[in-house]
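Dropping target_21.csv in here (CSV, N, CA and C atoms and all ligand atoms):
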chain,number,residue,atom,x,y,z
A,23,MET,N,105.9,-46.6,210.2
A,23,MET,CA,106.0,-45.1,209.9
A,23,MET,C,104.6,-44.7,209.3
A,24,ILE,N,104.2,-43.5,209.8
A,24,ILE,CA,102.9,-43.0,209.3
A,24,ILE,C,103.2,-42.0,208.2
A,25,SER,N,102.6,-42.2,207.1
A,25,SER,CA,102.8,-41.3,206.0
A,25,SER,C,101.9,-40.1,206.2
A,26,ARG,N,102.2,-39.1,205.5
A,26,ARG,CA,101.4,-37.9,205.6
A,26,ARG,C,100.0,-38.1,205.1
A,27,ARG,N,99.9,-38.9,204.1
A,27,ARG,CA,98.6,-39.2,203.5
A,27,ARG,C,97.7,-40.0,204.5
A,28,SER,N,98.3,-41.0,205.1
A,28,SER,CA,97.4,-41.8,206.0
A,28,SER,C,97.1,-41.0,207.3
A,29,LEU,N,98.0,-40.1,207.6
A,29,LEU,CA,97.7,-39.2,208.8
A,29,LEU,C,96.5,-38.3,208.4
A,30,ALA,N,96.5,-37.8,207.2
A,30,ALA,CA,95.4,-36.9,206.8
A,30,ALA,C,94.1,-37.7,206.7
A,31,LEU,N,94.3,-39.0,206.3
A,31,LEU,CA,93.1,-39.9,206.2
A,31,LEU,C,92.5,-40.1,207.5
A,32,THR,N,93.4,-40.4,208.5
A,32,THR,CA,92.9,-40.7,209.8
A,32,THR,C,92.2,-39.5,210.4
A,33,LEU,N,92.7,-38.3,210.1
A,33,LEU,CA,92.2,-37.1,210.6
A,33,LEU,C,90.8,-36.8,209.9
A,34,ALA,N,90.8,-37.1,208.6
A,34,ALA,CA,89.5,-36.9,207.8
A,34,ALA,C,88.5,-37.8,208.4
A,35,MET,N,88.8,-39.0,208.7
A,35,MET,CA,87.9,-40.0,209.3
A,35,MET,C,87.4,-39.5,210.6
A,36,ALA,N,88.3,-39.0,211.4
A,36,ALA,CA,87.9,-38.5,212.8
A,36,ALA,C,86.9,-37.3,212.6
A,37,VAL,N,87.2,-36.5,211.7
A,37,VAL,CA,86.4,-35.3,211.5
A,37,VAL,C,85.0,-35.7,211.0
A,38,LEU,N,85.0,-36.7,210.1
A,38,LEU,CA,83.7,-37.1,209.4
A,38,LEU,C,82.9,-38.0,210.3
A,39,SER,N,83.5,-38.9,211.0
A,39,SER,CA,82.8,-39.9,211.8
A,39,SER,C,82.5,-39.5,213.2
A,40,GLY,N,83.4,-38.6,213.7
A,40,GLY,CA,83.2,-38.2,215.1
A,40,GLY,C,83.8,-39.2,216.1
A,41,PRO,N,83.9,-38.9,217.3
A,41,PRO,CA,84.6,-39.8,218.3
A,41,PRO,C,83.8,-41.1,218.5
A,42,ALA,N,82.5,-41.1,218.5
A,42,ALA,CA,81.8,-42.3,218.7
A,42,ALA,C,82.1,-43.4,217.7
A,43,LEU,N,82.0,-43.0,216.4
A,43,LEU,CA,82.2,-43.9,215.3
A,43,LEU,C,83.6,-44.3,215.3
A,44,ALA,N,84.5,-43.4,215.5
A,44,ALA,CA,86.0,-43.7,215.4
A,44,ALA,C,86.3,-44.7,216.5
A,45,ALA,N,85.6,-44.7,217.6
A,45,ALA,CA,85.9,-45.6,218.7
A,45,ALA,C,85.5,-47.0,218.3
A,46,THR,N,84.5,-47.2,217.5
A,46,THR,CA,84.0,-48.5,217.1
A,46,THR,C,85.0,-49.1,216.1
A,47,GLY,N,86.0,-48.4,215.7
A,47,GLY,CA,87.0,-49.0,214.8
A,47,GLY,C,87.0,-48.3,213.4
A,48,GLY,N,88.2,-48.0,213.0
A,48,GLY,CA,88.4,-47.2,211.8
A,48,GLY,C,88.0,-48.0,210.5
A,49,ARG,N,87.9,-49.3,210.7
A,49,ARG,CA,87.6,-50.1,209.5
A,49,ARG,C,86.3,-49.8,208.9
A,50,SER,N,85.2,-49.7,209.7
A,50,SER,CA,83.9,-49.4,209.2
A,50,SER,C,83.9,-48.0,208.7
A,51,ALA,N,84.6,-47.1,209.3
A,51,ALA,CA,84.6,-45.7,208.9
A,51,ALA,C,85.3,-45.7,207.5
A,52,LEU,N,86.4,-46.4,207.3
A,52,LEU,CA,87.1,-46.4,206.0
A,52,LEU,C,86.1,-47.0,205.0
A,53,LYS,N,85.4,-48.0,205.3
A,53,LYS,CA,84.5,-48.7,204.3
A,53,LYS,C,83.4,-47.7,203.9
A,54,MET,N,83.0,-46.9,204.9
A,54,MET,CA,81.9,-45.9,204.7
A,54,MET,C,82.5,-44.8,203.7
A,55,LEU,N,83.7,-44.5,203.9
A,55,LEU,CA,84.3,-43.4,203.1
A,55,LEU,C,84.9,-43.9,201.8
A,56,ASP,N,84.9,-45.2,201.6
A,56,ASP,CA,85.7,-45.7,200.4
A,56,ASP,C,84.8,-46.6,199.6
A,57,PRO,N,83.8,-46.1,198.9
A,57,PRO,CA,82.8,-46.9,198.2
A,57,PRO,C,83.5,-47.7,197.1
A,58,ASP,N,84.5,-47.3,196.5
A,58,ASP,CA,85.1,-48.1,195.4
A,58,ASP,C,86.2,-49.1,195.9
A,59,ASN,N,86.3,-49.2,197.3
A,59,ASN,CA,87.2,-50.2,197.9
A,59,ASN,C,88.6,-50.3,197.4
A,60,ASP,N,89.1,-49.1,197.0
A,60,ASP,CA,90.5,-49.2,196.6
A,60,ASP,C,91.5,-48.9,197.7
A,61,GLY,N,90.9,-48.8,198.9
A,61,GLY,CA,91.8,-48.7,200.1
A,61,GLY,C,92.2,-47.3,200.4
A,62,THR,N,91.9,-46.4,199.5
A,62,THR,CA,92.2,-45.0,199.8
A,62,THR,C,90.9,-44.1,199.7
A,63,VAL,N,91.0,-43.0,200.4
A,63,VAL,CA,89.9,-42.1,200.3
A,63,VAL,C,90.4,-40.8,199.6
A,64,ASP,N,89.8,-40.6,198.4
A,64,ASP,CA,90.2,-39.3,197.8
A,64,ASP,C,89.3,-38.2,198.2
A,65,LEU,N,89.6,-37.0,197.8
A,65,LEU,CA,88.9,-35.9,198.2
A,65,LEU,C,87.4,-35.9,197.8
A,66,ALA,N,87.2,-36.4,196.6
A,66,ALA,CA,85.8,-36.5,196.2
A,66,ALA,C,85.0,-37.4,197.1
A,67,GLU,N,85.6,-38.5,197.5
A,67,GLU,CA,84.9,-39.5,198.5
A,67,GLU,C,84.7,-38.8,199.8
A,68,ALA,N,85.7,-38.1,200.3
A,68,ALA,CA,85.6,-37.5,201.6
A,68,ALA,C,84.5,-36.4,201.6
A,69,LYS,N,84.4,-35.7,200.5
A,69,LYS,CA,83.4,-34.7,200.4
A,69,LYS,C,82.0,-35.3,200.3
A,70,LYS,N,81.9,-36.4,199.6
A,70,LYS,CA,80.6,-37.0,199.5
A,70,LYS,C,80.2,-37.5,200.8
A,71,ALA,N,81.1,-38.1,201.6
A,71,ALA,CA,80.7,-38.6,202.9
A,71,ALA,C,80.4,-37.4,203.8
A,72,ALA,N,81.2,-36.3,203.6
A,72,ALA,CA,80.9,-35.1,204.5
A,72,ALA,C,79.5,-34.5,204.2
A,73,ALA,N,79.1,-34.6,202.9
A,73,ALA,CA,77.8,-34.0,202.5
A,73,ALA,C,76.7,-34.9,203.1
A,74,ASP,N,76.9,-36.2,203.1
A,74,ASP,CA,76.0,-37.1,203.8
A,74,ASP,C,75.9,-36.8,205.3
A,75,LEU,N,77.0,-36.6,205.9
A,75,LEU,CA,77.1,-36.4,207.3
A,75,LEU,C,76.4,-35.0,207.6
A,76,PHE,N,76.7,-34.0,206.7
A,76,PHE,CA,76.0,-32.7,206.9
A,76,PHE,C,74.5,-32.9,207.0
A,77,ALA,N,74.0,-33.6,206.1
A,77,ALA,CA,72.5,-33.8,206.1
A,77,ALA,C,72.0,-34.5,207.4
A,78,LYS,N,72.8,-35.4,207.9
A,78,LYS,CA,72.5,-36.1,209.2
A,78,LYS,C,72.6,-35.2,210.4
A,79,LEU,N,73.5,-34.2,210.3
A,79,LEU,CA,73.7,-33.3,211.4
A,79,LEU,C,72.8,-32.2,211.4
A,80,ASP,N,71.9,-32.1,210.4
A,80,ASP,CA,71.1,-30.9,210.3
A,80,ASP,C,69.6,-31.3,210.5
A,81,PRO,N,69.2,-31.6,211.7
A,81,PRO,CA,67.9,-32.1,211.9
A,81,PRO,C,66.8,-31.1,211.5
A,82,ASP,N,67.1,-29.8,211.6
A,82,ASP,CA,66.0,-28.9,211.3
A,82,ASP,C,66.0,-28.5,209.8
A,83,HIS,N,66.9,-29.1,209.0
A,83,HIS,CA,67.0,-29.0,207.6
A,83,HIS,C,66.9,-27.6,207.1
A,84,ASP,N,67.6,-26.7,207.8
A,84,ASP,CA,67.6,-25.3,207.3
A,84,ASP,C,68.9,-25.1,206.4
A,85,GLY,N,69.6,-26.1,206.2
A,85,GLY,CA,70.7,-26.0,205.3
A,85,GLY,C,72.0,-25.5,205.9
A,86,THR,N,72.0,-25.2,207.2
A,86,THR,CA,73.2,-24.8,207.9
A,86,THR,C,73.4,-25.5,209.2
A,87,LEU,N,74.6,-25.6,209.6
A,87,LEU,CA,74.9,-26.2,210.9
A,87,LEU,C,75.4,-25.1,211.9
A,88,ASP,N,74.7,-25.1,213.0
A,88,ASP,CA,75.2,-24.1,214.1
A,88,ASP,C,76.0,-24.9,215.0
A,89,VAL,N,76.6,-24.2,216.0
A,89,VAL,CA,77.5,-24.8,217.0
A,89,VAL,C,76.9,-26.1,217.6
A,90,ARG,N,75.6,-26.0,218.0
A,90,ARG,CA,75.0,-27.1,218.6
A,90,ARG,C,74.9,-28.3,217.7
A,91,GLU,N,74.6,-28.1,216.4
A,91,GLU,CA,74.5,-29.2,215.5
A,91,GLU,C,75.8,-29.8,215.1
A,92,LEU,N,76.9,-29.0,215.2
A,92,LEU,CA,78.2,-29.5,214.9
A,92,LEU,C,78.7,-30.4,216.0
A,93,ARG,N,78.1,-30.3,217.2
A,93,ARG,CA,78.4,-31.1,218.3
A,93,ARG,C,79.9,-31.3,218.6
A,94,GLY,N,80.6,-30.2,218.6
A,94,GLY,CA,82.0,-30.3,219.0
A,94,GLY,C,83.0,-30.8,217.9
A,95,ARG,N,82.4,-30.9,216.7
A,95,ARG,CA,83.3,-31.3,215.6
A,95,ARG,C,84.3,-30.2,215.3
A,96,LEU,N,83.9,-29.0,215.5
A,96,LEU,CA,84.8,-27.9,215.3
A,96,LEU,C,84.8,-27.1,216.6
A,97,THR,N,85.9,-26.6,217.0
A,97,THR,CA,86.0,-25.7,218.1
A,97,THR,C,85.4,-24.4,217.7
A,98,ALA,N,85.1,-23.5,218.7
A,98,ALA,CA,84.6,-22.2,218.4
A,98,ALA,C,85.5,-21.4,217.5
A,99,LYS,N,86.8,-21.6,217.7
A,99,LYS,CA,87.8,-20.9,216.9
A,99,LYS,C,87.8,-21.5,215.4
A,100,GLU,N,87.7,-22.8,215.3
A,100,GLU,CA,87.7,-23.4,214.0
A,100,GLU,C,86.4,-22.9,213.2
A,101,LEU,N,85.3,-22.9,214.0
A,101,LEU,CA,84.1,-22.4,213.4
A,101,LEU,C,84.2,-21.0,212.8
A,102,LYS,N,84.8,-20.2,213.6
A,102,LYS,CA,85.0,-18.8,213.2
A,102,LYS,C,85.8,-18.7,211.9
A,103,MET,N,86.9,-19.5,211.9
A,103,MET,CA,87.7,-19.5,210.7
A,103,MET,C,87.0,-20.1,209.5
A,104,ALA,N,86.1,-21.0,209.7
A,104,ALA,CA,85.4,-21.7,208.6
A,104,ALA,C,84.2,-20.9,208.2
A,105,ASP,N,83.9,-19.8,208.8
A,105,ASP,CA,82.7,-19.1,208.6
A,105,ASP,C,82.9,-17.7,208.1
A,106,PRO,N,83.2,-17.6,206.8
A,106,PRO,CA,83.6,-16.3,206.2
A,106,PRO,C,82.6,-15.2,206.3
A,107,ASP,N,81.3,-15.6,206.3
A,107,ASP,CA,80.2,-14.6,206.4
A,107,ASP,C,79.8,-14.3,207.8
A,108,HIS,N,80.5,-14.9,208.8
A,108,HIS,CA,80.3,-14.6,210.2
A,108,HIS,C,78.9,-14.7,210.7
A,109,ASP,N,78.1,-15.6,210.1
A,109,ASP,CA,76.7,-15.7,210.6
A,109,ASP,C,76.6,-16.7,211.7
A,110,GLY,N,77.7,-17.3,212.1
A,110,GLY,CA,77.7,-18.3,213.2
A,110,GLY,C,77.3,-19.7,212.8
A,111,THR,N,77.0,-19.9,211.5
A,111,THR,CA,76.6,-21.2,211.1
A,111,THR,C,77.4,-21.6,209.8
A,112,LEU,N,77.5,-22.8,209.6
A,112,LEU,CA,78.2,-23.3,208.4
A,112,LEU,C,77.2,-23.8,207.3
A,113,THR,N,77.3,-23.3,206.1
A,113,THR,CA,76.5,-23.9,205.0
A,113,THR,C,77.3,-25.1,204.6
A,114,LEU,N,76.7,-25.9,203.7
A,114,LEU,CA,77.3,-27.1,203.2
A,114,LEU,C,78.7,-26.7,202.5
A,115,ASP,N,78.6,-25.6,201.7
A,115,ASP,CA,79.9,-25.2,201.1
A,115,ASP,C,81.0,-24.8,202.1
A,116,GLU,N,80.6,-24.1,203.1
A,116,GLU,CA,81.6,-23.7,204.1
A,116,GLU,C,82.1,-25.0,204.9
A,117,TYR,N,81.2,-25.9,205.1
A,117,TYR,CA,81.6,-27.2,205.8
A,117,TYR,C,82.5,-28.0,204.9
A,118,LEU,N,82.2,-28.1,203.6
A,118,LEU,CA,83.1,-28.8,202.7
A,118,LEU,C,84.4,-28.2,202.5
A,119,ALA,N,84.5,-26.9,202.6
A,119,ALA,CA,85.8,-26.2,202.6
A,119,ALA,C,86.7,-26.6,203.7
A,120,VAL,N,86.1,-26.8,204.9
A,120,VAL,CA,86.8,-27.3,206.1
A,120,VAL,C,87.4,-28.7,205.8
A,121,VAL,N,86.5,-29.5,205.3
A,121,VAL,CA,86.9,-30.9,205.0
A,121,VAL,C,88.1,-30.9,204.0
A,122,GLU,N,87.9,-30.1,203.0
A,122,GLU,CA,88.9,-30.0,202.0
A,122,GLU,C,90.3,-29.5,202.5
A,123,GLN,N,90.1,-28.5,203.4
A,123,GLN,CA,91.3,-27.9,204.0
A,123,GLN,C,92.0,-29.0,204.9
A,124,ARG,N,91.2,-29.7,205.7
A,124,ARG,CA,91.8,-30.7,206.6
A,124,ARG,C,92.4,-31.9,205.8
A,125,PHE,N,91.8,-32.1,204.7
A,125,PHE,CA,92.2,-33.3,203.9
A,125,PHE,C,93.6,-33.0,203.2
A,126,SER,N,93.7,-31.7,202.8
A,126,SER,CA,94.9,-31.4,202.0
A,126,SER,C,96.1,-30.9,202.8
A,127,ARG,N,95.8,-30.5,204.1
A,127,ARG,CA,96.8,-29.9,204.9
A,127,ARG,C,97.3,-30.8,206.0
A,128,PRO,N,98.6,-30.7,206.3
A,128,PRO,CA,99.0,-31.4,207.5
A,128,PRO,C,98.4,-30.9,208.7
A,129,PRO,N,98.0,-31.8,209.7
A,129,PRO,CA,97.3,-31.3,210.8
A,129,PRO,C,98.1,-30.4,211.8
A,130,ILE,N,99.4,-30.6,211.8
A,130,ILE,CA,100.2,-29.8,212.7
A,130,ILE,C,100.7,-28.6,211.9
A,131,PRO,N,100.4,-27.4,212.5
A,131,PRO,CA,100.9,-26.2,211.9
A,131,PRO,C,102.4,-26.2,211.7
A,132,THR,N,102.8,-25.7,210.5
A,132,THR,CA,104.2,-25.6,210.3
A,132,THR,C,104.8,-24.4,211.1
A,133,MET,N,106.1,-24.4,211.2
A,133,MET,CA,106.7,-23.3,211.8
A,133,MET,C,106.3,-21.9,211.2
A,134,THR,N,106.3,-21.9,209.9
A,134,THR,CA,105.9,-20.7,209.2
A,134,THR,C,104.5,-20.2,209.6
A,135,GLU,N,103.6,-21.2,209.6
A,135,GLU,CA,102.2,-20.8,210.0
A,135,GLU,C,102.1,-20.3,211.4
A,136,ARG,N,102.9,-20.9,212.3
A,136,ARG,CA,102.9,-20.4,213.7
A,136,ARG,C,103.5,-19.0,213.7
A,137,TRP,N,104.5,-18.8,213.0
A,137,TRP,CA,105.2,-17.5,213.0
A,137,TRP,C,104.2,-16.5,212.4
A,138,MET,N,103.5,-16.8,211.3
A,138,MET,CA,102.6,-15.9,210.7
A,138,MET,C,101.4,-15.5,211.6
A,139,ARG,N,101.0,-16.5,212.4
A,139,ARG,CA,99.9,-16.2,213.3
A,139,ARG,C,100.3,-15.3,214.4
A,140,ARG,N,101.6,-15.4,214.8
A,140,ARG,CA,102.0,-14.6,215.9
A,140,ARG,C,102.1,-13.1,215.5
A,141,SER,N,102.5,-12.9,214.3
A,141,SER,CA,102.8,-11.5,213.8
A,141,SER,C,101.5,-10.8,213.4
A,201,CA,CA,70.5,-26.7,210.9
A,202,CA,CA,78.3,-19.0,207.5
Would you mind writing the file out in structure tokens?
Amino acid sequence: MISRRSLALTLAMAVLSGPALAATGGRSALKMLDPDNDGTVDLAEAKKAAADLFAKLDPDHDGTLDVRELRGRLTAKELKMADPDHDGTLTLDEYLAVVEQRFSRPPIPTMTERWMRRS
């Protein structure tokens, strides 16, 4: 049985490490995300890893990630939702907010959310 927490963890790892790293095995990704080796990734660790990844994804060091730099980590729709100032790029704060949101929320929208979106 997959607990909600491990599901969120798997998702967080997929978000943070991307398809290439995830394919090489979740173990190394977990190790990367879990510096204190307690077998869990808390939000602080996820954010730290996300901040490291942000720096790696930002080759021009302008402090923001555009669609190209995100390399498919977020869909256009997700980017739009994660971009409150609508400048088409994510700052580190905006990016970390996405990580936090994905970390704390179940990946599948609840019925209520679907219903709210429709109306
Ligand atoms: Ca950039
Ligand atoms: Ca922005």
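If you look at atom C of Gly110 of chain A and atom C of Arg140 of chain A, they are 25.8 Å away from each other.
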Review point. Given a cut-off of 7 Å, what residues near ligand CA 201 (chain A) show up using all atoms listed in the file, put as number ranges by chain?
Key: A: 79-88, 91
Please produce a file of the residues just selected, as a PDB file, keeping the file's coordinate frame, where the atoms kept are N, CA and C atoms.
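Done, and the output landed in again.pdb:
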ATOM      1  N   LEU A  79      73.500 -34.200 210.300  1.00  0.00           N
ATOM      2  CA  LEU A  79      73.700 -33.300 211.400  1.00  0.00           C
ATOM      3  C   LEU A  79      72.800 -32.200 211.400  1.00  0.00           C
ATOM      4  N   ASP A  80      71.900 -32.100 210.400  1.00  0.00           N
ATOM      5  CA  ASP A  80      71.100 -30.900 210.300  1.00  0.00           C
ATOM      6  C   ASP A  80      69.600 -31.300 210.500  1.00  0.00           C
ATOM      7  N   PRO A  81      69.200 -31.600 211.700  1.00  0.00           N
ATOM      8  CA  PRO A  81      67.900 -32.100 211.900  1.00  0.00           C
ATOM      9  C   PRO A  81      66.800 -31.100 211.500  1.00  0.00           C
ATOM     10  N   ASP A  82      67.100 -29.800 211.600  1.00  0.00           N
ATOM     11  CA  ASP A  82      66.000 -28.900 211.300  1.00  0.00           C
ATOM     12  C   ASP A  82      66.000 -28.500 209.800  1.00  0.00           C
ATOM     13  N   HIS A  83      66.900 -29.100 209.000  1.00  0.00           N
ATOM     14  CA  HIS A  83      67.000 -29.000 207.600  1.00  0.00           C
ATOM     15  C   HIS A  83      66.900 -27.600 207.100  1.00  0.00           C
ATOM     16  N   ASP A  84      67.600 -26.700 207.800  1.00  0.00           N
ATOM     17  CA  ASP A  84      67.600 -25.300 207.300  1.00  0.00           C
ATOM     18  C   ASP A  84      68.900 -25.100 206.400  1.00  0.00           C
ATOM     19  N   GLY A  85      69.600 -26.100 206.200  1.00  0.00           N
ATOM     20  CA  GLY A  85      70.700 -26.000 205.300  1.00  0.00           C
ATOM     21  C   GLY A  85      72.000 -25.500 205.900  1.00  0.00           C
ATOM     22  N   THR A  86      72.000 -25.200 207.200  1.00  0.00           N
ATOM     23  CA  THR A  86      73.200 -24.800 207.900  1.00  0.00           C
ATOM     24  C   THR A  86      73.400 -25.500 209.200  1.00  0.00           C
ATOM     25  N   LEU A  87      74.600 -25.600 209.600  1.00  0.00           N
ATOM     26  CA  LEU A  87      74.900 -26.200 210.900  1.00  0.00           C
ATOM     27  C   LEU A  87      75.400 -25.100 211.900  1.00  0.00           C
ATOM     28  N   ASP A  88      74.700 -25.100 213.000  1.00  0.00           N
ATOM     29  CA  ASP A  88      75.200 -24.100 214.100  1.00  0.00           C
ATOM     30  C   ASP A  88      76.000 -24.900 215.000  1.00  0.00           C
ATOM     31  N   GLU A  91      74.600 -28.100 216.400  1.00  0.00           N
ATOM     32  CA  GLU A  91      74.500 -29.200 215.500  1.00  0.00           C
ATOM     33  C   GLU A  91      75.800 -29.800 215.100  1.00  0.00           C
TER      34      GLU A  91
END
Exercise for review: Enter the distance from atom CA of Asp64 of chain A to atom CA of Arg90 of chain A, in Å, rounded to one decimal.
Suggested key: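 For atom CA of Asp64 of chain A relative to atom CA of Arg90 of chain A, the distance reads 28.5 Å.
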Check your understanding: Please, which residues have at least one atom within 5 Å of an atom of ligand CA 202 (chain A), using all atoms listed in the file, listed as a list in words?
Key ->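 Residues satisfying the distance criterion: Asp105, Asp107, His108, Asp109, Gly110, Thr111, Leu112 and Thr113 of chain A.
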Check your understanding: In Å, how far is it from atom C of Met138 of chain A to atom C of Leu92 of chain A?
Key -> 27.5 Å
Review point. Which residues, written as a list in words, have at least one atom at most 7 Å from Glu67 of chain A, with all atoms listed in the file counted and residues fewer than 6 positions away on the same chain left out?
Key: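 The contact residues come out as Leu55, Asp56 and Pro57 of chain A.
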Practice item. Anything within 8 Å of (88.9, -32.7, 198.8): list those residues as a count of residues only, counting only N, CA and C atoms and sticking to the file's coordinates. Key: 14
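Considering only N, CA and C atoms, the residue among A:Ala77, A:Ala72, A:Val120, A:Val63 positioned nearest to Met103 of chain A is A:Val120.
Looking only at segment 45-117 of chain A, the set that DSSP places in strand (DSSP E) from backbone geometry is Thr86, Leu87, Leu112 and Thr113 of chain A.
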With N, CA and C atoms kept, could you save the residues just selected as an mmCIF file, in the frame of the given file?
data_model
loop_
_atom_site.group_PDB
_atom_site.id
_atom_site.type_symbol
_atom_site.label_atom_id
_atom_site.label_comp_id
_atom_site.auth_asym_id
_atom_site.auth_seq_id
_atom_site.Cartn_x
_atom_site.Cartn_y
_atom_site.Cartn_z
ATOM 1 N N THR A 86 72.000 -25.200 207.200
ATOM 2 C CA THR A 86 73.200 -24.800 207.900
ATOM 3 C C THR A 86 73.400 -25.500 209.200
ATOM 4 N N LEU A 87 74.600 -25.600 209.600
ATOM 5 C CA LEU A 87 74.900 -26.200 210.900
ATOM 6 C C LEU A 87 75.400 -25.100 211.900
ATOM 7 N N LEU A 112 77.500 -22.800 209.600
ATOM 8 C CA LEU A 112 78.200 -23.300 208.400
ATOM 9 C C LEU A 112 77.200 -23.800 207.300
ATOM 10 N N THR A 113 77.300 -23.300 206.100
ATOM 11 C CA THR A 113 76.500 -23.900 205.000
ATOM 12 C C THR A 113 77.300 -25.100 204.600
#
